[in-house]
Structure formats: C-alpha cells, structure tokens
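Single-structure report; data block below.
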Amino acid sequence: MSVFGWLNDQVLRMTWLNDLVGAGVAAIGLDPASRLGGSVQFFVYDVIKIFILLAVLIFVISYVQSHFPPERTRAMLGGRSGLGANTLAALLGTLTPFCSCSSIPLFIGFTAAGLPLAVTFSFLISSPLVDLASVILLASIFSWPIALDYVVVGLVVAILGGTIIGRLGMEGQVAEFVRTVPVSGEAATMTRGERLAYARDQVVEIVHRVWPYVLIGVGIGAAIHNWVPADVISALLGQDKWWSVPVAVLVGIPMYADIFGTLPIAEALVGKGVGLGTVLAFMMAVTALSLPSLIMLKRVVKMPLLVTFTGVVTLGILSIGLIFNAISNWFI
Amino acid sequence: MIIKILGSGCKKCVALGENAKAAAAAAGREAEIVKVTDFAEIAAYGVMSTPGLVIDEKVVSTGKVLSAAEIGKLL
C-alpha cells in the first residue's frame, strides 16, 4: 500500500479507530460480527470519527473562510457578469462562511449592490451544496475521487442553475424593497488572533448545532447497516431502478438536516448496493433545498422566481444522480 | 441608549441579545434592547451576516455572537 493510501486510511478513514472500537465491543461481550455488536461498533465508530473530523475541519476551514466575508465576496463579484462571473460566484460560495439564517440578508445585500441574479443564485446554490467540510468528510467515508466529483458536479449545478435563472430574465421577480436598500458595510479586517478565535467559536457553534443531526443520522445508518437486508434496499432503491434517484430527491428536498447527518445514512446505503448517484442526489437535495429556507426566500423573491429556482436545482440534482448512476462503475 | 439585535430569530441572535443585556447591566447603563427580525429592516443597515449588533443606530458588529465583555467595550 502506498504511503498516501495508508495515511488516508489511518487519518481520514480512521481504520485504527474502527479496530479499536471493534476490540472494545468484543471486550464488553458483544460479537462485532453479530447484528447487535456490528450496530454498536458502527454507531460508536462513526460518531467519534465524525466529531473528530468536524472539529478539526471546521477549525481549519473557518480560519480560511475568515478571509472571505460576504462584503469582500460581493466586492470581488461586483461589475462582473457572464459565465466567468457565475463560476467565480460558485467558487466563492464554497469559501464564504455560510449560515442558512444569513442567506436572505446576503441575497438582499448582493442584489441591492447590483449583482446580476445569475451571479447571486450561482453563489446561493453552491454555498450550502459544496461545503468544504462536507467534501473532506465525503473523502473520508468514500474516497477522494468521489469527493472531487461531488465538488465538480456541485459547482456545475450552481453555475448552470445561476446561468439559467439569469437567462430567464427574472430581474423583476425580486421583492421591491430589495432594490432600495442602501449598500454599505466594509468588511472589518481581522488580526490573526481574531481569526483563530473566530475559528474556535465556529467549531463550538457548529458542533453545538449539528450534533443531534449527526446522532440521528448515524443511528439510522447503523440500523440500515446491520438490520435492513440488502435485497430489500436494492429492490427499493437499487442502482438498476430508474425511480431511485427521483425518490431520493423527493424525500430529500423537504428534509432539513445537516450534511453531516446525512453522510452516515449515505454510507450505509451505498454499503447496501444503492447507486452512488442516488445517494449523492439525496445529500444534495437535503442540503441545497429545504422547506424552511424556501419559506424564507419567499419573503424576498416573487413566486415565479422561487418556483424557477426550486425547479432548476431539482432538475440539476436529478440529472447528476442519473449520470452518476450510469457511470459510477468507473469509480467503485 | 438603544441596542438593536439584527437577525431572523436564530439561536445566535437570542444569545447575542442576552449578552447585550448583561453587558448593559454590568456597565450600569439604561439600555433598551430591540430585536429586529424584518429582513427589509435588517438589510437597511447594510448587514449581510446575522446576527448584527447596532448601538444607537450604528452597526458595531456583524456575523458573530459577541460576549458580554466584548459588548461592554463597545458601549
């Protein structure tokens, strides 16, 4: 095994932890090969692994993100349009710190500053969808090629989605008050100490926010992993079933969960033979669209634009799922 | 003085509001804490990351939950 492969297994996938937990499970008299023992091992291992990765990743990523406050992103995007601008917006979307409760003020701030809707939506789609931490977790649970493919297709959805919304000429479909908002606010510069403090606060805040989702997600994952027979799952959601991707998307859209909670479910489903495209479509639907965020968005955009946004993103995710299922033999 | 908390009502905004109240009490200042949840009003301050803290109509912080001690320095 290559050094990189070994490092990847030990550091990112934490195989040592799985062995350790397995030994612990055996020590308390449970057989890791049995259903109950296997569930306990999966649960304990996954919970510990996700929380370790979360804490380290959020710290590092928040430090990087502290260089890209929304004011700076807006300045970088100002005066640009076209495919290049959409691409830049989608890339910056992955770097700008994102909190779903901030997406509406951000939308207003971008639009009021005169950024085209195409650019703003590319940013708004990519920001929750291609989250840096989730990408590294994907690499940890699956593999680097899959994680990188997730980034690429996520960016493509964001760029194309923004472009389509721009082409439809819906600039008038924004609530009137948005255009009249004053544009102000220079991003405050931070010292290194402030950035470190910010990164630490983000870890505390995000772990505090997502831990219930992680526990529920890992619980469901552990149940699927050891209690649901593979033939039942593959009969319902198998790679050869055309409806598996639409079902995954329809189930995922109204769900409001964190990507960190959906990853363990995804992991267990793939282990049971569900297509990678189906699983990615599910995760994207959960993170990119959710009922609470759509209800908030309704306050600043009119219905036709809201429907177009939902439709474009849904179609994008569906296509990604179907394409991935068709070509995933190349990865696994 | 009037301290405004800008935010749509997420947990962070509540925490910031409580810290502001504590800071004002610690500094012995009469302060009225106002929660601004309307997006139009929040946007009117030019704030893009919530929660935002506004003291006497001046935006002093955005996108973070300041501790009571940090707010105390800004009063």
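Naming works like this for the structure tokens: A, B, ... for the chains as they're shown, residue 1 at the start of each chain, ligands 1 onward in shown order.
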Please report, as CSV, each residue of chain A lying at most 8 Å from chain B, together with the nearest pair of atoms and the separation in Å rounded to one decimal; use only C-alpha atoms, and order rows by chain and ascending residue number.
```
residue,atom,partner,partner_atom,distance
A:Pro70,CA,B:Met48,CA,6.8
A:Glu71,CA,B:Met48,CA,7.5
A:Cys101,CA,B:Cys10,CA,6.8
A:Ser102,CA,B:Ser49,CA,5.3
A:Ile104,CA,B:Phe39,CA,7.4
A:Pro105,CA,B:Met48,CA,4.8
A:Leu106,CA,B:Met48,CA,4.7
A:Ile108,CA,B:Ala43,CA,6.6
A:Gly109,CA,B:Met48,CA,5.9
A:Phe177,CA,B:Ala40,CA,6.6
A:Val178,CA,B:Ala40,CA,7.2
A:Val181,CA,B:Ala44,CA,5.3
A:Pro182,CA,B:Ala44,CA,6.0
A:Val183,CA,B:Gly46,CA,5.6
A:Ser184,CA,B:Gly46,CA,5.1
A:Gly185,CA,B:Gly46,CA,5.9
```
Original post:
Leaving out Leu66 of chain B and any residue of its chain fewer than 3 positions from it, which residues lie within 8 Å of it when counting only C-alpha atoms, given as a ChimeraX atom specification?
Top reply: /B:16,19,69-71
Mind running segment 279-330 of chain A against segment 166-169 of chain A at 12 Å and telling me each contacting residue's nearest atom pair with the distance in Å (one decimal), counting only C-alpha atoms, chain and number ascending, as JSON lines?
```
{"residue": "A:Pro304", "atom": "CA", "partner": "A:Leu168", "partner_atom": "CA", "distance": 10.7}
{"residue": "A:Leu305", "atom": "CA", "partner": "A:Leu168", "partner_atom": "CA", "distance": 9.4}
{"residue": "A:Thr308", "atom": "CA", "partner": "A:Leu168", "partner_atom": "CA", "distance": 9.1}
{"residue": "A:Phe309", "atom": "CA", "partner": "A:Gly166", "partner_atom": "CA", "distance": 10.6}
{"residue": "A:Val312", "atom": "CA", "partner": "A:Leu168", "partner_atom": "CA", "distance": 11.3}
```
Taking N, CA and C atoms for each residue, export the selection above as a tab-separated table (two decimals), in the first residue's frame.
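What follows is the written file part_15.tsv:
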```
chain	number	residue	atom	x	y	z
A	304	PRO	N	-42.88	33.27	-9.12
A	304	PRO	CA	-42.30	32.64	-10.32
A	304	PRO	C	-40.79	32.37	-10.18
A	305	LEU	N	-40.08	33.30	-9.55
A	305	LEU	CA	-38.64	33.10	-9.38
A	305	LEU	C	-38.36	31.97	-8.38
A	308	THR	N	-38.97	28.77	-10.18
A	308	THR	CA	-37.90	28.52	-11.14
A	308	THR	C	-36.65	28.03	-10.42
A	309	PHE	N	-36.30	28.70	-9.33
A	309	PHE	CA	-35.12	28.32	-8.55
A	309	PHE	C	-35.23	26.86	-8.09
A	312	VAL	N	-35.09	24.48	-11.17
A	312	VAL	CA	-33.77	24.37	-11.78
A	312	VAL	C	-32.84	23.51	-10.92
```
Given only C-alpha atoms, how would the per-residue table for segment 41-62 of chain A near segment 265-281 of chain A read, listing every residue at most 12 Å away with its closest atom pair and distance in Å to one decimal, sorted by chain and number, as JSON lines?
```
{"residue": "A:Phe42", "atom": "CA", "partner": "A:Ala268", "partner_atom": "CA", "distance": 9.6}
{"residue": "A:Phe43", "atom": "CA", "partner": "A:Ala268", "partner_atom": "CA", "distance": 11.1}
{"residue": "A:Asp46", "atom": "CA", "partner": "A:Glu267", "partner_atom": "CA", "distance": 10.2}
```
Let me see the file: selected residues, N, CA and C atoms, as a PDB file, in the first residue's frame.
```pdb
ATOM      1  N   PHE A  42     -20.577   0.226  14.557  1.00  0.00           N
ATOM      2  CA  PHE A  42     -20.799   1.235  13.528  1.00  0.00           C
ATOM      3  C   PHE A  42     -21.150   2.574  14.176  1.00  0.00           C
ATOM      4  N   PHE A  43     -22.055   2.527  15.171  1.00  0.00           N
ATOM      5  CA  PHE A  43     -22.528   3.755  15.801  1.00  0.00           C
ATOM      6  C   PHE A  43     -21.395   4.491  16.529  1.00  0.00           C
ATOM      7  N   ASP A  46     -18.574   5.669  14.064  1.00  0.00           N
ATOM      8  CA  ASP A  46     -18.967   6.769  13.200  1.00  0.00           C
ATOM      9  C   ASP A  46     -19.142   8.070  13.974  1.00  0.00           C
TER      10      ASP A  46
END
```
Subject >> helix (DSSP H, G or I) residues, from DSSP on the backbone, in segment 75-234 of chain A, as a ChimeraX atom specification >> reply: /A:75-77,83-95,100-112,117-129,132-141,144-167,176-179,192-227,230-234
Subject >> Selection: 7 Å around Ala285 of chain A, only C-alpha atoms, excl. self and same-chain fewer than 2 positions, as an MDAnalysis selection string >> reply: chainID A and resid 249 252:253 281:283 287:289 317
Original post:
Hey, can you check how far atom CA of Ala257 of chain A sits from atom CA of Ala133 of chain A?
Top reply: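 The value is 15.2 Å.
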**OP:** For each of B:Leu74, B:Val60, B:Ala68, B:Cys13, take the minimum atom-to-atom distance to Val34 of chain B, counting only C-alpha atoms, then give the residue where this is smallest.
**Re:**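 Closest residue, counting only C-alpha atoms: B:Cys13.
Around Gly217 of chain A, within 7 Å and counting only C-alpha atoms, the residues found are Gly261, Thr262, Pro264 and Ile265 of chain A, once anything fewer than 6 positions away on its own chain is removed.
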Convert the current residue selection to file output with N, CA and C atoms, as a PDB file, in the first residue's frame.
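File produced: selection_30.pdb:
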```pdb
ATOM      1  N   GLY A 261     -25.206  14.995   9.065  1.00  0.00           N
ATOM      2  CA  GLY A 261     -26.136  13.965   9.498  1.00  0.00           C
ATOM      3  C   GLY A 261     -26.495  13.012   8.375  1.00  0.00           C
ATOM      4  N   THR A 262     -26.487  13.514   7.124  1.00  0.00           N
ATOM      5  CA  THR A 262     -26.900  12.642   6.023  1.00  0.00           C
ATOM      6  C   THR A 262     -25.775  11.719   5.570  1.00  0.00           C
ATOM      7  N   PRO A 264     -23.669   9.632   7.206  1.00  0.00           N
ATOM      8  CA  PRO A 264     -23.689   8.242   7.672  1.00  0.00           C
ATOM      9  C   PRO A 264     -24.795   7.416   7.027  1.00  0.00           C
ATOM     10  N   ILE A 265     -25.937   8.065   6.737  1.00  0.00           N
ATOM     11  CA  ILE A 265     -27.017   7.344   6.055  1.00  0.00           C
ATOM     12  C   ILE A 265     -26.550   6.963   4.653  1.00  0.00           C
TER      13      ILE A 265
END
```
**OP:** Excluding Ala139 of chain A and any residue of its chain fewer than 6 positions from it, enumerate the residues within 10 Å of it, using only C-alpha atoms, and give them as a PyMOL selection string.
**Re:** chain A and resi 8+12-13+145-148+150
Output C-alpha atoms of each residue in that selection to a file, as a CSV table (one decimal), in the first residue's frame.
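As written to disk, out-v9.csv reads:
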```csv
chain,number,residue,atom,x,y,z
A,8,ASN,CA,-5.7,8.2,4.1
A,12,LEU,CA,-9.1,10.3,7.3
A,13,ARG,CA,-11.0,7.0,7.4
A,145,PRO,CA,-12.3,10.6,-6.5
A,146,ILE,CA,-15.9,10.6,-5.3
A,147,ALA,CA,-15.4,13.7,-3.1
A,148,LEU,CA,-13.8,15.6,-6.0
A,150,TYR,CA,-19.1,15.8,-5.9
```
Original post:
Out of chain B, which residues get strand (DSSP E) from DSSP, as a list of chain:residue names?
Top reply: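 Matching residues, listed in order: B:Ile2, B:Ile3, B:Lys4, B:Ile5, B:Leu6, B:Glu32, B:Ile33, B:Val34, B:Lys35, B:Val36, B:Gly52, B:Leu53, B:Val54, B:Ile55, B:Lys58, B:Val59, B:Val60, B:Ser61, B:Thr62.
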I need the chosen residues saved as an mmCIF file, in the first residue's frame, with N, CA and C atoms.
```cif
data_model
loop_
_atom_site.group_PDB
_atom_site.id
_atom_site.type_symbol
_atom_site.label_atom_id
_atom_site.label_comp_id
_atom_site.auth_asym_id
_atom_site.auth_seq_id
_atom_site.Cartn_x
_atom_site.Cartn_y
_atom_site.Cartn_z
ATOM 1 N N ILE B 2 -30.176 52.762 22.822
ATOM 2 C CA ILE B 2 -30.970 51.690 22.217
ATOM 3 C C ILE B 2 -30.018 50.689 21.549
ATOM 4 N N ILE B 3 -30.132 49.436 21.973
ATOM 5 C CA ILE B 3 -29.314 48.389 21.367
ATOM 6 C C ILE B 3 -30.227 47.526 20.509
ATOM 7 N N LYS B 4 -29.875 47.406 19.230
ATOM 8 C CA LYS B 4 -30.698 46.577 18.347
ATOM 9 C C LYS B 4 -29.956 45.297 17.975
ATOM 10 N N ILE B 5 -30.699 44.194 18.001
ATOM 11 C CA ILE B 5 -30.151 42.917 17.567
ATOM 12 C C ILE B 5 -30.786 42.598 16.219
ATOM 13 N N LEU B 6 -29.961 42.515 15.173
ATOM 14 C CA LEU B 6 -30.489 42.206 13.851
ATOM 15 C C LEU B 6 -30.375 40.711 13.586
ATOM 16 N N GLU B 32 -32.281 49.928 26.099
ATOM 17 C CA GLU B 32 -33.457 49.236 25.593
ATOM 18 C C GLU B 32 -32.990 48.282 24.498
ATOM 19 N N ILE B 33 -33.292 46.991 24.672
ATOM 20 C CA ILE B 33 -32.867 46.007 23.672
ATOM 21 C C ILE B 33 -34.022 45.786 22.694
ATOM 22 N N VAL B 34 -33.743 46.033 21.412
ATOM 23 C CA VAL B 34 -34.784 45.858 20.396
ATOM 24 C C VAL B 34 -34.357 44.746 19.444
ATOM 25 N N LYS B 35 -35.253 43.784 19.233
ATOM 26 C CA LYS B 35 -34.949 42.720 18.271
ATOM 27 C C LYS B 35 -35.528 43.097 16.916
ATOM 28 N N VAL B 36 -34.652 43.150 15.899
ATOM 29 C CA VAL B 36 -35.111 43.469 14.553
ATOM 30 C C VAL B 36 -35.107 42.186 13.735
ATOM 31 N N GLY B 52 -26.504 40.824 13.738
ATOM 32 C CA GLY B 52 -25.819 42.107 13.734
ATOM 33 C C GLY B 52 -26.142 42.845 15.019
ATOM 34 N N LEU B 53 -25.195 43.669 15.459
ATOM 35 C CA LEU B 53 -25.398 44.435 16.690
ATOM 36 C C LEU B 53 -25.350 45.918 16.339
ATOM 37 N N VAL B 54 -26.401 46.627 16.711
ATOM 38 C CA VAL B 54 -26.493 48.047 16.409
ATOM 39 C C VAL B 54 -26.651 48.805 17.720
ATOM 40 N N ILE B 55 -25.720 49.726 17.982
ATOM 41 C CA ILE B 55 -25.824 50.547 19.185
ATOM 42 C C ILE B 55 -26.084 51.984 18.758
ATOM 43 N N LYS B 58 -25.801 52.660 15.107
ATOM 44 C CA LYS B 58 -24.527 52.428 14.441
ATOM 45 C C LYS B 58 -24.234 50.924 14.480
ATOM 46 N N VAL B 59 -23.944 50.346 13.300
ATOM 47 C CA VAL B 59 -23.641 48.921 13.244
ATOM 48 C C VAL B 59 -22.245 48.703 13.822
ATOM 49 N N VAL B 60 -22.144 47.940 14.902
ATOM 50 C CA VAL B 60 -20.828 47.752 15.513
ATOM 51 C C VAL B 60 -20.284 46.345 15.286
ATOM 52 N N SER B 61 -21.131 45.395 14.912
ATOM 53 C CA SER B 61 -20.633 44.036 14.704
ATOM 54 C C SER B 61 -21.620 43.256 13.859
ATOM 55 N N THR B 62 -21.082 42.379 12.989
ATOM 56 C CA THR B 62 -21.968 41.514 12.209
ATOM 57 C C THR B 62 -21.427 40.100 12.197
#
```
**OP:** Fewer than 3 positions away in the same chain doesn't count, so skip those; otherwise give me all residues within 12 Å of segment 196-203 of chain A, counting only C-alpha atoms, as a PyMOL selection string.
**Re:** (chain A and resi 51-67+97-99+133+190-193+206-211) or (chain B and resi 12+63-67)
Original post:
Which is closest to Trp243 of chain A among A:Leu318, A:Leu297, A:Met255, A:Ala175, if we use only C-alpha atoms?
Top reply: A:Leu318
Original post:
What does the distance from atom CA of Ile141 of chain A to atom CA of Ile323 of chain A come to in Å, to one decimal?
Top reply: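 Spanning atom CA of Ile141 of chain A to atom CA of Ile323 of chain A is a straight-line distance of 21.0 Å.
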